[in-house]
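Data block for start_18.cif (mmCIF, C-alpha atoms and all ligand atoms):
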```cif
data_input
loop_
_atom_site.label_atom_id
_atom_site.label_comp_id
_atom_site.auth_asym_id
_atom_site.auth_seq_id
_atom_site.Cartn_x
_atom_site.Cartn_y
_atom_site.Cartn_z
CA MET F 1 13.31 44.80 -3.16
CA ASN F 2 16.15 42.71 -4.45
CA GLY F 3 15.86 39.09 -3.35
CA ILE F 4 12.78 39.62 -1.22
CA GLU F 5 9.40 38.08 -2.08
CA GLU F 6 7.18 41.13 -1.92
CA GLY F 7 3.77 39.52 -2.38
CA VAL F 8 0.67 41.11 -3.85
CA THR F 9 0.66 44.09 -1.50
CA ASN F 10 3.95 45.45 -2.73
CA ILE F 11 2.43 48.58 -4.26
CA GLU F 12 0.92 49.60 -0.92
CA MET F 13 4.24 48.86 0.74
CA TYR F 14 6.11 51.09 -1.70
CA ARG F 15 3.53 53.87 -1.35
CA HIS F 16 4.08 53.83 2.38
CA LEU F 17 7.85 53.48 2.09
CA ILE F 18 8.25 56.35 -0.36
CA GLY F 19 6.04 58.57 1.77
CA GLU F 20 8.20 57.88 4.80
CA LEU F 21 11.47 58.24 2.89
CA ASN F 22 10.31 61.60 1.52
CA LYS F 23 10.21 62.89 5.08
CA LEU F 24 13.93 62.20 5.52
CA ASP F 25 15.08 64.75 2.93
CA LEU F 26 17.42 62.25 1.27
CA ALA F 27 19.60 63.25 -1.68
CA TYR F 28 18.25 60.55 -3.96
CA LEU F 29 16.51 57.20 -4.21
CA HIS F 30 18.11 54.36 -6.18
CA ILE F 31 15.82 51.55 -7.26
CA MET F 32 16.08 48.42 -9.37
CA ASN F 33 13.24 47.86 -11.80
CA PHE F 34 12.43 44.31 -12.82
CA GLY F 35 9.61 45.17 -15.20
CA ASN F 36 6.83 46.52 -13.02
CA GLU F 37 6.24 49.65 -15.09
CA PRO F 38 3.13 50.94 -13.25
CA LEU F 39 5.07 50.71 -9.99
CA LEU F 40 7.98 52.67 -11.45
CA GLN F 41 5.61 55.36 -12.72
CA GLU F 42 3.99 55.63 -9.33
CA ILE F 43 7.31 55.81 -7.51
CA ARG F 44 8.39 58.51 -9.94
CA GLN F 45 5.33 60.57 -9.07
CA LEU F 46 5.52 59.98 -5.33
CA TRP F 47 9.25 60.50 -4.83
CA THR F 48 10.15 64.19 -4.55
CA GLN F 49 13.95 63.98 -4.96
CA PRO F 50 16.18 62.69 -7.77
CA LEU F 51 15.41 59.12 -8.80
CA LEU F 52 18.10 56.69 -9.95
CA VAL F 53 16.81 53.65 -11.84
CA ASN F 54 18.70 50.47 -12.58
CA ARG F 55 17.45 47.79 -14.95
CA MET F 56 19.61 44.76 -14.49
CA GLY F 57 21.29 43.46 -17.64
CA ARG F 58 19.77 45.96 -20.05
CA PRO F 59 21.74 46.53 -23.22
CA LEU F 60 23.82 49.67 -23.48
CA GLU F 61 21.63 51.04 -26.26
CA GLN F 62 18.70 51.21 -23.83
CA LEU F 63 20.48 53.02 -21.02
CA ASN F 64 18.77 56.34 -21.70
CA VAL F 65 15.20 55.04 -22.14
CA ASP F 66 14.06 55.93 -18.62
CA LEU F 67 15.68 59.36 -18.92
CA ASP F 68 13.96 59.99 -22.23
CA ASN F 69 10.61 58.93 -20.75
CA ASP F 70 11.18 61.09 -17.67
CA LEU F 71 11.02 58.07 -15.40
CA ALA F 72 14.51 58.63 -13.99
CA ASP F 73 16.98 61.43 -13.36
CA VAL F 74 20.00 59.13 -13.54
CA ALA F 75 20.48 55.80 -15.29
CA THR F 76 22.84 53.60 -13.30
CA VAL F 77 25.17 50.83 -14.39
CA GLY F 78 26.79 48.17 -12.24
CA ILE F 79 28.61 45.49 -14.12
CA TRP F 80 29.50 47.61 -17.15
CA ALA F 81 31.18 50.14 -14.89
CA LEU F 82 32.97 47.37 -13.03
CA ALA F 83 34.42 45.92 -16.22
CA ASN F 84 35.21 49.30 -17.73
CA PRO F 85 37.16 51.69 -15.50
CA ASP F 86 36.73 54.31 -18.22
CA PHE F 87 33.10 53.50 -18.94
CA ILE F 88 32.00 57.11 -19.53
CA GLU F 89 34.88 57.80 -21.91
CA ARG F 90 34.13 54.65 -23.86
CA VAL F 91 30.47 55.53 -24.21
CA LYS F 92 31.29 59.08 -25.30
CA LYS F 93 33.66 57.70 -27.94
CA SER F 94 31.33 54.86 -28.93
CA ALA F 95 34.29 52.60 -28.18
CA SER F 96 33.86 48.90 -27.54
CA LEU F 97 33.42 47.77 -23.94
CA ASN F 98 35.32 45.14 -22.02
CA GLU F 99 33.11 42.11 -21.53
CA PRO F 100 32.51 41.48 -17.83
CA ASP F 101 33.39 38.01 -16.61
CA LEU F 102 30.28 37.11 -14.63
CA ASN F 103 31.96 34.09 -13.06
CA LYS F 104 34.29 36.40 -11.16
CA LEU F 105 31.63 38.51 -9.45
CA TYR F 106 30.98 38.19 -5.73
CA VAL F 107 33.95 35.88 -5.16
CA GLY F 108 36.03 38.19 -3.00
CA GLY F 109 39.41 39.84 -3.41
CA VAL F 110 40.42 42.78 -5.55
CA GLN F 111 41.49 40.76 -8.56
CA ASP F 112 39.04 41.08 -11.43
CA TYR F 113 37.50 44.12 -9.79
CA THR F 114 40.37 46.49 -10.48
CA ASP F 115 42.31 45.00 -13.38
CA TYR F 116 40.08 45.45 -16.41
CA PRO F 117 42.01 47.43 -19.02
CA PHE F 118 41.53 51.08 -19.89
CA LEU F 119 41.11 52.02 -23.55
CA GLU F 120 44.80 52.89 -24.03
CA ASP F 121 46.09 49.74 -22.35
C1 LIG G 201 29.96 42.97 -7.52
C2 LIG G 201 28.64 43.65 -7.36
C3 LIG G 201 28.31 44.19 -6.14
C4 LIG G 201 27.06 44.80 -5.96
N1 LIG G 201 26.77 45.34 -4.74
C5 LIG G 201 25.59 45.96 -4.58
C6 LIG G 201 25.28 46.54 -3.32
O1 LIG G 201 26.05 46.51 -2.37
N2 LIG G 201 24.07 47.14 -3.18
C7 LIG G 201 23.18 47.21 -4.21
O2 LIG G 201 22.10 47.77 -4.05
N3 LIG G 201 23.46 46.66 -5.41
C8 LIG G 201 24.62 46.04 -5.61
N4 LIG G 201 24.90 45.48 -6.82
C9 LIG G 201 23.88 45.48 -7.87
C10 LIG G 201 24.11 46.62 -8.82
O3 LIG G 201 23.89 47.86 -8.19
C11 LIG G 201 23.14 46.50 -9.99
O4 LIG G 201 21.83 46.66 -9.53
C12 LIG G 201 23.26 45.18 -10.70
O5 LIG G 201 24.61 44.92 -10.99
C13 LIG G 201 22.42 45.13 -11.99
O6 LIG G 201 22.67 46.21 -12.81
P1 LIG G 201 23.72 46.17 -14.04
O7 LIG G 201 23.12 45.23 -15.08
O8 LIG G 201 23.80 47.58 -14.50
O9 LIG G 201 25.01 45.66 -13.52
C14 LIG G 201 26.13 44.87 -7.03
C15 LIG G 201 26.49 44.32 -8.26
C16 LIG G 201 27.71 43.72 -8.44
C17 LIG G 201 28.04 43.14 -9.79
#
```

Would you write the structure of this file as structure tokens?
Ligand SMILES: Cc1cc2nc3c(=O)[nH]c(=O)nc-3n(C[C@H](O)[C@H](O)[C@H](O)COP(=O)(O)O)c2cc1C
Amino acid sequence: MNGIEEGVTNIEMYRHLIGELNKLDLAYLHIMNFGNEPLLQEIRQLWTQPLLVNRMGRPLEQLNVDLDNDLADVATVGIWALANPDFIERVKKSASLNEPDLNKLYVGGVQDYTDYPFLED
């Protein structure tokens, strides 16, 4: 879990958690993967609904790796989507992306969350 020291028992914790979450008939599970590949594989097997996987800071060229390896149903993006209001269109067109300004994240207000330019701008 993001920002939480999980300790050595984290796999048992996730086994339990996924088992309990499965009972709730949720639409999907969205997880962040920080490199624990066996854990991701196990979650993929245990979780019965669509799985969304985020890998923080991965390059655009690697977005589909988990989809190709059948480890995720959806690849998610955070900062790229924030900096590119037309992210999907840009990817489809292989257009260049706006560079996100990391110094302006989490500082409050709408400015720099809603004013990145569209392709035509
Ligand atoms: C401004 C901002 C707000 C975020 N808020 C949340 C949040 O509320 N809950 C959450 O699980 N992740 C949140 N995230 C994390 C993103 O979902 C994502 O995991 C993270 O940005 C790393 O992925 P990325 O490299 O694709 O951006 C936030 C990220 C940013 C930049």

Inset, instruction - Set the cut-off to 7 Å, count all atoms listed in the file, and list whatever residues fall near ligand LIG 201 (chain G) as a ChimeraX atom specification. - result: /F:32,54-58,76-80,105-106

Legend entry - Nearest to F:Ala72, chosen from F:Leu52, F:Leu24, F:Ile18, F:Leu39, with all atoms listed in the file counted in the distances: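 For F:Ala72, the nearest of the candidates is F:Leu52.
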
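When atom CA of F:Leu67 is paired with atom CA of F:Phe87, their separation reads 18.4 Å.
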
Inset, instruction - Name the closest residue to F:Pro85 among the candidates F:Pro117, F:Pro100, F:Gly35, F:Gly19; distances are taken between atoms, counting all atoms listed in the file. - result: F:Pro117

Inset, instruction - For atom CA of F:Leu17 and atom CA of F:Asn64, quote the distance in Å rounded to one decimal. - result: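 For atom CA of F:Leu17 relative to atom CA of F:Asn64, the distance reads 26.3 Å.
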
Legend entry - Protein/DNA/RNA residues near (38.8, 46.2, -14.1), cut 8 Å, all atoms listed in the file, as JSON, numbers by chain: {"F": [82, 83, 84, 85, 112, 113, 114, 115, 116, 117]}

Would you write out those residues with C-alpha atoms, as a CSV table (one decimal), in the coordinates of the input?
```csv
chain,number,residue,atom,x,y,z
F,82,LEU,CA,33.0,47.4,-13.0
F,83,ALA,CA,34.4,45.9,-16.2
F,84,ASN,CA,35.2,49.3,-17.7
F,85,PRO,CA,37.2,51.7,-15.5
F,112,ASP,CA,39.0,41.1,-11.4
F,113,TYR,CA,37.5,44.1,-9.8
F,114,THR,CA,40.4,46.5,-10.5
F,115,ASP,CA,42.3,45.0,-13.4
F,116,TYR,CA,40.1,45.4,-16.4
F,117,PRO,CA,42.0,47.4,-19.0
```

Inset, instruction - Measure the distance from atom CA of F:Leu26 to atom CA of F:Leu46 in Å and round it to one decimal. - result: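 Value for the atom CA of F:Leu26-atom CA of F:Leu46 distance: 13.8 Å.
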
Set up a box along x, y and z of the file covering all listed atoms of stretch 42-50 of chain F, add 6 Å on every one of the six sides, and write the centre and edge lengths in Å to one decimal, as AutoDock Vina command-line options.
```
--center_x 10.1 --center_y 59.9 --center_z -7.2 --size_x 24.2 --size_y 20.6 --size_z 17.4
```

Inset, instruction - Identify which of the residues F:Leu71, F:Leu102, F:Leu119, F:Ile88 lies closest to F:Gln41, counting all atoms listed in the file when measuring atom-to-atom distances. - result: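 Closest to F:Gln41 of all the choices is F:Leu71.
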